[in-house]
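Participant: This one is start36.txt, compact mmCIF, C-alpha atoms and all ligand atoms.
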```txt
# COMPACT_ATOMS: atom_id res chain seq x y z
CA MET A 1 -221.08 -21.17 21.89
CA SER A 2 -218.18 -20.56 19.61
CA ASN A 3 -215.82 -17.67 20.41
CA GLU A 4 -215.54 -16.79 16.76
CA ILE A 5 -216.80 -13.36 15.73
CA LYS A 6 -220.28 -14.02 14.47
CA ASN A 7 -221.53 -12.45 11.29
CA ASP A 8 -224.42 -10.15 12.20
CA ARG A 9 -226.22 -11.10 8.92
CA ALA A 10 -227.03 -7.41 8.46
CA SER A 11 -227.50 -7.69 4.68
CA TRP A 12 -229.99 -10.49 5.19
CA LEU A 13 -231.84 -9.12 8.22
CA LYS A 14 -231.93 -5.41 7.31
CA GLY A 15 -231.84 -5.51 3.51
CA PRO A 16 -229.36 -5.39 0.64
CA GLU A 17 -228.37 -1.76 1.18
CA VAL A 18 -226.76 -2.69 4.54
CA GLU A 19 -223.31 -4.33 4.71
CA CYS A 20 -222.57 -7.29 7.01
CA SER A 21 -220.15 -6.37 9.81
CA VAL A 22 -217.93 -9.40 9.20
CA PRO A 23 -217.03 -10.24 5.61
CA PRO A 24 -217.63 -13.91 4.69
CA THR A 25 -214.79 -16.27 5.58
CA GLN A 26 -212.70 -17.11 2.52
CA ILE A 27 -213.34 -20.82 2.19
CA ASP A 28 -212.49 -23.32 -0.54
CA ARG A 29 -215.86 -24.95 -0.41
CA PRO A 30 -218.85 -22.76 0.34
CA TRP A 31 -221.75 -24.92 1.44
CA ARG A 32 -225.20 -24.18 0.06
CA LEU A 33 -227.91 -25.95 2.02
CA VAL A 34 -231.65 -25.93 2.65
CA LEU A 35 -233.19 -27.13 5.91
CA LEU A 36 -236.64 -28.71 5.92
CA GLY A 37 -238.78 -29.99 8.78
CA ALA A 38 -241.82 -29.13 10.86
CA PRO A 39 -241.87 -25.87 12.86
CA GLY A 40 -240.18 -26.46 16.21
CA VAL A 41 -238.13 -29.45 15.06
CA GLY A 42 -234.94 -27.46 15.69
CA LYS A 43 -233.96 -26.13 12.25
CA GLY A 44 -232.80 -22.80 13.68
CA THR A 45 -230.56 -24.50 16.24
CA GLN A 46 -229.14 -26.83 13.59
CA ALA A 47 -228.59 -23.85 11.26
CA ASP A 48 -226.56 -22.14 14.02
CA LEU A 49 -224.43 -25.24 14.59
CA ILE A 50 -223.93 -25.73 10.83
CA THR A 51 -222.95 -22.07 10.48
CA GLN A 52 -220.35 -22.36 13.23
CA ARG A 53 -218.77 -25.49 11.73
CA LEU A 54 -219.13 -24.92 7.98
CA HIS A 55 -218.89 -21.09 8.11
CA CYS A 56 -221.87 -20.51 5.83
CA CYS A 57 -224.45 -17.85 6.66
CA HIS A 58 -227.77 -18.60 8.42
CA LEU A 59 -230.50 -17.22 6.17
CA SER A 60 -233.86 -17.47 7.96
CA THR A 61 -236.91 -15.79 6.43
CA GLY A 62 -238.68 -15.94 9.81
CA ASP A 63 -235.77 -13.95 11.33
CA VAL A 64 -236.22 -11.23 8.67
CA PHE A 65 -239.90 -10.89 9.60
CA ARG A 66 -239.12 -10.85 13.34
CA ALA A 67 -236.38 -8.22 12.78
CA ALA A 68 -238.92 -6.01 10.98
CA LYS A 69 -241.34 -6.16 13.92
CA GLY A 70 -240.30 -3.06 15.83
CA ASN A 71 -239.64 -1.05 12.66
CA ASP A 72 -241.63 2.21 12.43
CA HIS A 73 -241.44 2.32 8.63
CA GLN A 74 -243.06 -0.96 7.71
CA THR A 75 -244.35 -1.34 4.15
CA PRO A 76 -248.01 -2.43 3.93
CA ALA A 77 -246.77 -5.84 2.63
CA MET A 78 -244.55 -6.26 5.71
CA ALA A 79 -247.35 -5.25 8.10
CA ALA A 80 -249.62 -7.84 6.42
CA ALA A 81 -246.82 -10.44 6.63
CA LEU A 82 -246.46 -9.88 10.39
CA GLN A 83 -250.19 -10.37 10.79
CA CYS A 84 -250.00 -13.73 8.91
CA MET A 85 -247.10 -14.76 11.13
CA LYS A 86 -249.01 -13.99 14.31
CA GLN A 87 -251.87 -16.20 13.16
CA GLY A 88 -249.58 -19.09 12.18
CA ALA A 89 -250.38 -18.68 8.47
CA LEU A 90 -247.84 -18.47 5.69
CA VAL A 91 -246.85 -15.08 4.34
CA PRO A 92 -247.92 -14.83 0.66
CA ASP A 93 -245.39 -16.26 -1.79
CA SER A 94 -245.13 -12.93 -3.64
CA THR A 95 -244.04 -11.07 -0.46
CA VAL A 96 -241.56 -13.76 0.55
CA TRP A 97 -240.10 -14.03 -2.93
CA GLU A 98 -239.69 -10.28 -3.30
CA MET A 99 -237.82 -10.25 0.00
CA VAL A 100 -235.51 -13.13 -1.01
CA ARG A 101 -234.93 -11.78 -4.53
CA GLU A 102 -233.91 -8.42 -3.04
CA ARG A 103 -231.36 -10.34 -0.99
CA ALA A 104 -230.00 -12.38 -3.93
CA ARG A 105 -226.48 -11.29 -3.05
CA CYS A 106 -226.76 -13.35 0.18
CA VAL A 107 -227.50 -16.37 -2.02
CA ARG A 108 -224.49 -15.50 -4.23
CA CYS A 109 -222.27 -14.87 -1.18
CA ARG A 110 -218.92 -16.69 -1.45
CA GLY A 111 -219.30 -17.87 2.16
CA GLY A 112 -222.28 -20.07 1.22
CA PHE A 113 -225.62 -20.28 3.03
CA VAL A 114 -227.99 -22.42 5.00
CA LEU A 115 -231.61 -21.53 4.22
CA ASP A 116 -233.92 -22.04 7.21
CA GLY A 117 -237.69 -21.63 6.75
CA PHE A 118 -237.39 -21.00 3.01
CA PRO A 119 -238.61 -22.41 0.69
CA ARG A 120 -241.92 -23.35 2.32
CA THR A 121 -244.12 -23.92 -0.74
CA LEU A 122 -243.58 -25.51 -4.16
CA ALA A 123 -243.86 -22.06 -5.78
CA GLN A 124 -241.03 -20.79 -3.53
CA ALA A 125 -238.92 -23.90 -4.25
CA ASN A 126 -239.34 -23.40 -8.01
CA ALA A 127 -238.47 -19.72 -7.71
CA LEU A 128 -235.31 -20.61 -5.74
CA GLN A 129 -234.28 -23.19 -8.36
CA GLY A 130 -234.69 -20.47 -11.03
CA LEU A 131 -232.49 -18.05 -9.08
CA LEU A 132 -229.82 -20.70 -8.46
CA GLU A 133 -229.75 -21.62 -12.17
CA GLN A 134 -229.48 -17.97 -13.12
CA GLU A 135 -226.56 -17.54 -10.70
CA LYS A 136 -225.00 -20.87 -11.86
CA LEU A 137 -225.09 -22.21 -8.32
CA GLN A 138 -226.16 -25.60 -6.99
CA LEU A 139 -227.46 -26.79 -3.67
CA ASP A 140 -225.20 -29.29 -1.88
CA GLY A 141 -228.11 -30.87 -0.05
CA VAL A 142 -231.51 -30.45 1.57
CA LEU A 143 -231.52 -31.70 5.15
CA ASN A 144 -234.95 -32.89 6.17
CA TYR A 145 -235.31 -33.17 9.97
CA GLU A 146 -237.74 -35.87 11.09
CA LEU A 147 -239.46 -36.10 14.48
CA PRO A 148 -242.82 -37.53 15.69
CA VAL A 149 -245.46 -34.81 15.97
CA ALA A 150 -245.88 -35.21 19.78
CA GLU A 151 -242.18 -34.41 20.25
CA VAL A 152 -242.45 -31.46 17.88
CA VAL A 153 -245.30 -30.02 19.97
CA ALA A 154 -243.27 -30.53 23.18
CA ARG A 155 -240.31 -28.70 21.63
CA ILE A 156 -242.50 -25.79 20.49
CA SER A 157 -244.22 -25.35 23.86
CA GLY A 158 -240.88 -25.36 25.72
CA ARG A 159 -239.03 -23.10 23.29
CA ARG A 160 -237.71 -19.88 24.83
CA VAL A 161 -235.76 -17.11 23.09
CA CYS A 162 -233.36 -14.62 24.68
CA GLY A 163 -234.65 -11.08 24.23
CA LYS A 164 -231.07 -9.80 24.13
CA CYS A 165 -228.84 -12.18 22.14
CA LYS A 166 -231.69 -14.16 20.46
CA ALA A 167 -230.22 -17.53 21.54
CA VAL A 168 -232.84 -20.29 21.60
CA PHE A 169 -233.33 -22.71 24.52
CA HIS A 170 -235.79 -25.28 25.78
CA GLU A 171 -237.35 -24.49 29.15
CA THR A 172 -236.32 -27.81 30.73
CA GLN A 173 -234.22 -29.90 28.34
CA PRO A 174 -231.46 -29.47 29.31
CA PRO A 175 -232.29 -27.39 32.43
CA LEU A 176 -231.30 -23.72 32.28
CA ARG A 177 -228.71 -22.47 34.80
CA VAL A 178 -231.23 -19.89 36.02
CA ARG A 179 -234.82 -20.52 35.04
CA GLY A 180 -236.15 -17.85 32.71
CA TYR A 181 -232.73 -16.36 31.88
CA CYS A 182 -230.27 -16.87 29.04
CA ASP A 183 -227.33 -19.20 29.76
CA HIS A 184 -225.14 -17.13 27.42
CA CYS A 185 -225.79 -13.46 28.29
CA GLY A 186 -228.22 -13.47 31.23
CA GLY A 187 -230.97 -11.80 29.15
CA GLN A 188 -234.59 -12.54 29.92
CA LEU A 189 -236.15 -15.42 28.00
CA THR A 190 -239.52 -15.06 26.30
CA GLN A 191 -241.83 -17.27 24.31
CA ARG A 192 -242.20 -16.61 20.58
CA GLU A 193 -245.55 -15.00 19.82
CA ASP A 194 -246.49 -17.84 17.42
CA ASP A 195 -245.43 -20.64 19.83
CA ARG A 196 -248.70 -20.04 21.71
CA PRO A 197 -251.62 -20.38 22.02
CA GLU A 198 -252.21 -24.02 21.06
CA ALA A 199 -254.61 -23.01 18.26
CA VAL A 200 -251.84 -21.08 16.46
CA VAL A 201 -249.41 -23.99 16.86
CA LYS A 202 -252.06 -26.31 15.41
CA VAL A 203 -252.46 -24.05 12.36
CA ARG A 204 -248.69 -23.96 11.83
CA LEU A 205 -248.46 -27.75 11.91
CA GLU A 206 -251.39 -28.11 9.48
CA VAL A 207 -249.86 -25.53 7.15
CA TYR A 208 -246.58 -27.45 7.27
CA GLU A 209 -248.28 -30.73 6.29
CA ARG A 210 -250.28 -29.14 3.50
CA ASP A 211 -247.85 -26.65 1.96
CA THR A 212 -244.31 -27.56 2.99
CA ALA A 213 -244.19 -31.36 3.35
CA PRO A 214 -244.61 -31.73 -0.49
CA LEU A 215 -241.11 -30.22 -0.79
CA ILE A 216 -239.71 -33.49 0.54
CA GLU A 217 -240.69 -35.24 -2.73
CA PHE A 218 -239.65 -32.18 -4.76
CA TYR A 219 -236.09 -32.34 -3.44
CA ARG A 220 -235.99 -36.14 -3.42
CA SER A 221 -236.73 -36.09 -7.14
CA LEU A 222 -233.79 -33.69 -7.62
CA GLY A 223 -231.53 -36.15 -5.76
CA LEU A 224 -230.85 -33.58 -3.02
CA LEU A 225 -232.86 -34.90 -0.06
CA ILE A 226 -230.98 -36.07 3.04
CA SER A 227 -233.28 -37.24 5.86
CA ILE A 228 -232.01 -36.82 9.41
CA PRO A 229 -233.67 -38.23 12.56
CA ALA A 230 -233.98 -35.21 14.89
CA HIS A 231 -234.36 -37.01 18.23
CA GLY A 232 -231.82 -36.50 21.05
CA THR A 233 -229.72 -33.44 21.79
CA PRO A 234 -229.02 -30.71 19.22
CA GLU A 235 -225.36 -31.81 19.16
CA GLU A 236 -226.32 -35.42 18.38
CA THR A 237 -228.58 -34.29 15.54
CA PHE A 238 -225.84 -32.01 14.28
CA GLU A 239 -223.28 -34.86 14.20
CA ARG A 240 -225.79 -36.97 12.23
CA SER A 241 -226.27 -34.06 9.81
CA LEU A 242 -222.53 -33.61 9.29
CA LYS A 243 -221.92 -37.31 8.67
CA ALA A 244 -224.84 -37.50 6.23
CA LEU A 245 -223.63 -34.40 4.38
CA GLN A 246 -220.09 -35.73 4.11
CA ALA A 247 -221.41 -39.08 2.83
CA ALA A 248 -223.54 -37.34 0.21
CA ASN A 249 -220.86 -34.98 -1.09
P1 LIG A 301 -240.10 -19.54 11.20
O1 LIG A 301 -239.25 -18.67 12.04
O2 LIG A 301 -239.36 -20.13 10.03
O3 LIG A 301 -240.83 -20.58 12.00
O4 LIG A 301 -241.21 -18.61 10.55
C1 LIG A 301 -242.15 -17.92 11.36
C2 LIG A 301 -243.32 -17.46 10.51
O5 LIG A 301 -242.87 -16.54 9.51
C3 LIG A 301 -244.05 -18.56 9.74
O6 LIG A 301 -245.02 -19.23 10.52
C4 LIG A 301 -244.69 -17.73 8.61
O7 LIG A 301 -245.80 -17.00 9.08
C5 LIG A 301 -243.58 -16.73 8.30
N1 LIG A 301 -242.64 -17.28 7.28
C6 LIG A 301 -241.31 -17.47 7.46
N2 LIG A 301 -240.76 -17.94 6.34
C7 LIG A 301 -241.76 -18.06 5.43
C8 LIG A 301 -241.83 -18.51 4.09
N3 LIG A 301 -240.73 -18.96 3.45
N4 LIG A 301 -243.05 -18.52 3.48
C9 LIG A 301 -244.15 -18.07 4.11
N5 LIG A 301 -244.16 -17.63 5.37
C10 LIG A 301 -242.98 -17.63 6.05
```
Rewrite the coordinates I just gave you, this time as structure tokens.
Facilitator:
Amino acid sequence: MSNEIKNDRASWLKGPEVECSVPPTQIDRPWRLVLLGAPGVGKGTQADLITQRLHCCHLSTGDVFRAAKGNDHQTPAMAAALQCMKQGALVPDSTVWEMVRERARCVRCRGGFVLDGFPRTLAQANALQGLLEQEKLQLDGVLNYELPVAEVVARISGRRVCGKCKAVFHETQPPLRVRGYCDHCGGQLTQREDDRPEAVVKVRLEVYERDTAPLIEFYRSLGLLISIPAHGTPEETFERSLKALQAAN
């Protein structure tokens, strides 16, 4: 992990009325990226690596929902969204879009962004294009991570998350220093609620094929799609991503 002070993404995770603890790094070239790929392919891990190297902010819609989980003052829409998430279904477009639109300043942020888990439907992708046009911003690329479905399932079933620092690991690849505990902070590792049982994972993969995979053609037709083989270690995939991004820009 990098020793740099990490932005806590407070404006994204908690809402627009909250300020981020670390102001965005002043950079000449803010990167604005979207990550696509099946659940479990490693988008979150790639987003973290991209954030560390390119200094843009990791904007994950799934993280906003997970952050709202323990909140006592959930709106009815958020409570319904958490129920969808538990079942492996998509949260309705209207709820997701309201949440992203409220956080438009994260999209405008001069540090740039890497969107992870959004957009997930054509309606969301069109809404994002509208917002970007309104803000006179352009995406630099849409990285589409590709992996055979059997490997995706293996990654999902082995995924473990630190309850304390939220770092993400695989149970065996590479082996943890102490099984069940975070290599970074020693916190206890748990499995994401929607990474089991198998039936929920199956629903998530079907939903991906039906609702999200069409975005590959959507972004290809805009000339933004960059396909990246996601096999091997996270670092190998990251190096492929960086090379492909540099070649495309
Ligand atoms: P993720 O962390 O991206 O895998 O998202 C976890 C879950 O949150 C998904 O399975 C959905 O239930 C919900 N979710 C996250 N982002 C979106 C989105 N853009 N559209 C609809 N549902 C979403």
Participant: Calculated over all atoms listed in the file, which of the candidates A:Ala127, A:Pro23, A:Asn71, A:Gly117 has the smallest distance to Gly44 of chain A?
Facilitator: A:Gly117
Participant: Write out as a ChimeraX atom specification the residues lying within 10 Å of Tyr208 of chain A, counting only C-alpha atoms and excluding same-chain residues fewer than 3 positions away.
Facilitator: /A:37-39,89-90,120-121,202-205,211-214
Participant: Convert the current residue selection to file output with C-alpha atoms, as a compact mmCIF listing (two decimals), in the frame of the given file.
Facilitator:
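out01.txt, freshly written:
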```
# COMPACT_ATOMS: atom_id res chain seq x y z
CA GLY A 37 -238.78 -29.99 8.78
CA ALA A 38 -241.82 -29.13 10.86
CA PRO A 39 -241.87 -25.87 12.86
CA ALA A 89 -250.38 -18.68 8.47
CA LEU A 90 -247.84 -18.47 5.69
CA ARG A 120 -241.92 -23.35 2.32
CA THR A 121 -244.12 -23.92 -0.74
CA LYS A 202 -252.06 -26.31 15.41
CA VAL A 203 -252.46 -24.05 12.36
CA ARG A 204 -248.69 -23.96 11.83
CA LEU A 205 -248.46 -27.75 11.91
CA ASP A 211 -247.85 -26.65 1.96
CA THR A 212 -244.31 -27.56 2.99
CA ALA A 213 -244.19 -31.36 3.35
CA PRO A 214 -244.61 -31.73 -0.49
```
Participant: With distances taken over all atoms listed in the file, which residue among A:Thr172, A:Thr25, A:Thr95, A:Thr75 lies nearest ligand LIG 301 (chain A)?
Facilitator: A:Thr95
Participant: Please list as a ChimeraX atom specification every residue within 8 Å of Ala81 of chain A, counting only C-alpha atoms and excluding residues in the same chain fewer than 3 positions away.
Facilitator: /A:65,77-78,84-85,91-92,95
Participant: Name the residues in contact with segment 135-152 of chain A at a cut-off of 9 Å, using only C-alpha atoms, excluding same-chain residues fewer than 3 positions from it; report them as JSON, numbers by chain.
Facilitator: {"A": [31, 32, 33, 34, 35, 36, 37, 38, 39, 40, 41, 42, 43, 107, 108, 129, 130, 131, 132, 155, 156, 157, 205, 216, 219, 220, 223, 224, 225, 226, 227, 228, 229, 230, 231, 237, 241, 244, 245, 248, 249]}
Participant: So, with all atoms listed in the file as the atoms that count, which of A:Ala47, A:Leu59, A:Leu115, A:Leu54 lies closest to Arg9 of chain A?
Facilitator: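 The answer is A:Leu59, which sits nearest to Arg9 of chain A.
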Participant: At what distance in Å, to one decimal, does atom CA of Arg159 of chain A lie from atom CA of Val114 of chain A?
Facilitator: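 Answer for the atom CA of Val114 of chain A to atom CA of Arg159 of chain A separation: 21.4 Å.
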Participant: Name the closest residue to ligand LIG 301 (chain A) among the candidates A:Pro234, A:Pro119, A:Pro24, A:Gly70; distances are taken between atoms, counting all atoms listed in the file.
Facilitator: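 Under the stated criterion, the closest residue is A:Pro119.
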Participant: When you draw a straight line from atom CA of Gly163 of chain A to atom O5 of ligand LIG 301 (chain A), how long is it in Å?
Facilitator: 17.7 Å
Participant: If we count only C-alpha atoms, what is near Leu128 of chain A at a cut-off of 10 Å, once residues fewer than 6 positions away on the same chain are taken out, given as a PyMOL selection string?
Facilitator: chain A and resi 97+100-101+104+107+118-119+122+134
Participant: Could you state the separation of atom CA of Ala123 of chain A and atom CA of Asp63 of chain A in Å, given to one decimal place?
Facilitator: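 Result for atom CA of Ala123 of chain A versus atom CA of Asp63 of chain A: 20.6 Å, one decimal.
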Participant: From the set A:Arg66, A:Arg29, A:His55, A:Arg210, which residue has the shortest atom-to-atom contact distance to Lys166 of chain A, counting only C-alpha atoms?
Facilitator: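 Of A:Arg66, A:Arg29, A:His55, A:Arg210, the one nearest Lys166 of chain A, counting only C-alpha atoms, is A:Arg66.
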Participant: When you count only C-alpha atoms, which of these residues is closest to Gln188 of chain A: A:Glu209, A:Glu235, A:Val96, A:Lys164?
Facilitator: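 Using only C-alpha atoms, Gln188 of chain A sits closest to A:Lys164.
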Participant: So that I can see what lies close to Gly187 of chain A, please list as a PyMOL selection string the residues with an atom at most 12 Å from it, counting all atoms listed in the file and leaving out residues fewer than 6 positions away in the same chain.
Facilitator: chain A and resi 160-168+178-181
Participant: Restrict the output to segment 103-114 of chain A and N, CA, C and O atoms, then write it as a CSV table (one decimal), in the first residue's frame.
Facilitator:
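Wrote decode.csv, looks like this:
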```csv
chain,number,residue,atom,x,y,z
A,103,ARG,N,-24.2,14.0,-5.9
A,103,ARG,CA,-22.7,14.1,-5.8
A,103,ARG,C,-22.0,14.6,-7.0
A,103,ARG,O,-20.8,14.3,-7.2
A,104,ALA,N,-22.7,15.4,-7.8
A,104,ALA,CA,-22.1,15.9,-9.1
A,104,ALA,C,-20.8,16.6,-8.8
A,104,ALA,O,-19.9,16.6,-9.7
A,105,ARG,N,-20.6,17.2,-7.6
A,105,ARG,CA,-19.3,17.9,-7.4
A,105,ARG,C,-18.1,16.9,-7.4
A,105,ARG,O,-17.0,17.3,-7.7
A,106,CYS,N,-18.4,15.6,-7.1
A,106,CYS,CA,-17.3,14.6,-7.2
A,106,CYS,C,-16.9,14.4,-8.6
A,106,CYS,O,-15.8,14.1,-8.9
A,107,VAL,N,-17.9,14.5,-9.5
A,107,VAL,CA,-17.7,14.3,-10.9
A,107,VAL,C,-16.9,15.5,-11.5
A,107,VAL,O,-16.0,15.4,-12.3
A,108,ARG,N,-17.2,16.7,-11.0
A,108,ARG,CA,-16.6,17.9,-11.4
A,108,ARG,C,-15.2,18.1,-10.8
A,108,ARG,O,-14.4,18.9,-11.2
A,109,CYS,N,-14.9,17.3,-9.7
A,109,CYS,CA,-13.7,17.5,-8.9
A,109,CYS,C,-12.4,17.6,-9.8
A,109,CYS,O,-12.2,16.8,-10.7
A,110,ARG,N,-11.6,18.6,-9.5
A,110,ARG,CA,-10.4,18.8,-10.3
A,110,ARG,C,-9.3,17.7,-10.2
A,110,ARG,O,-8.3,17.7,-10.9
A,111,GLY,N,-9.6,16.8,-9.2
A,111,GLY,CA,-8.6,15.7,-9.1
A,111,GLY,C,-9.0,14.5,-10.1
A,111,GLY,O,-8.2,13.6,-10.2
A,112,GLY,N,-10.1,14.6,-10.7
A,112,GLY,CA,-10.6,13.5,-11.6
A,112,GLY,C,-11.2,12.4,-10.8
A,112,GLY,O,-11.3,12.5,-9.6
A,113,PHE,N,-11.7,11.4,-11.6
A,113,PHE,CA,-12.4,10.3,-10.9
A,113,PHE,C,-12.2,9.0,-11.7
A,113,PHE,O,-11.9,9.0,-12.8
A,114,VAL,N,-12.4,7.9,-10.9
A,114,VAL,CA,-12.5,6.6,-11.6
A,114,VAL,C,-13.9,6.0,-11.0
A,114,VAL,O,-14.0,5.7,-9.8
```
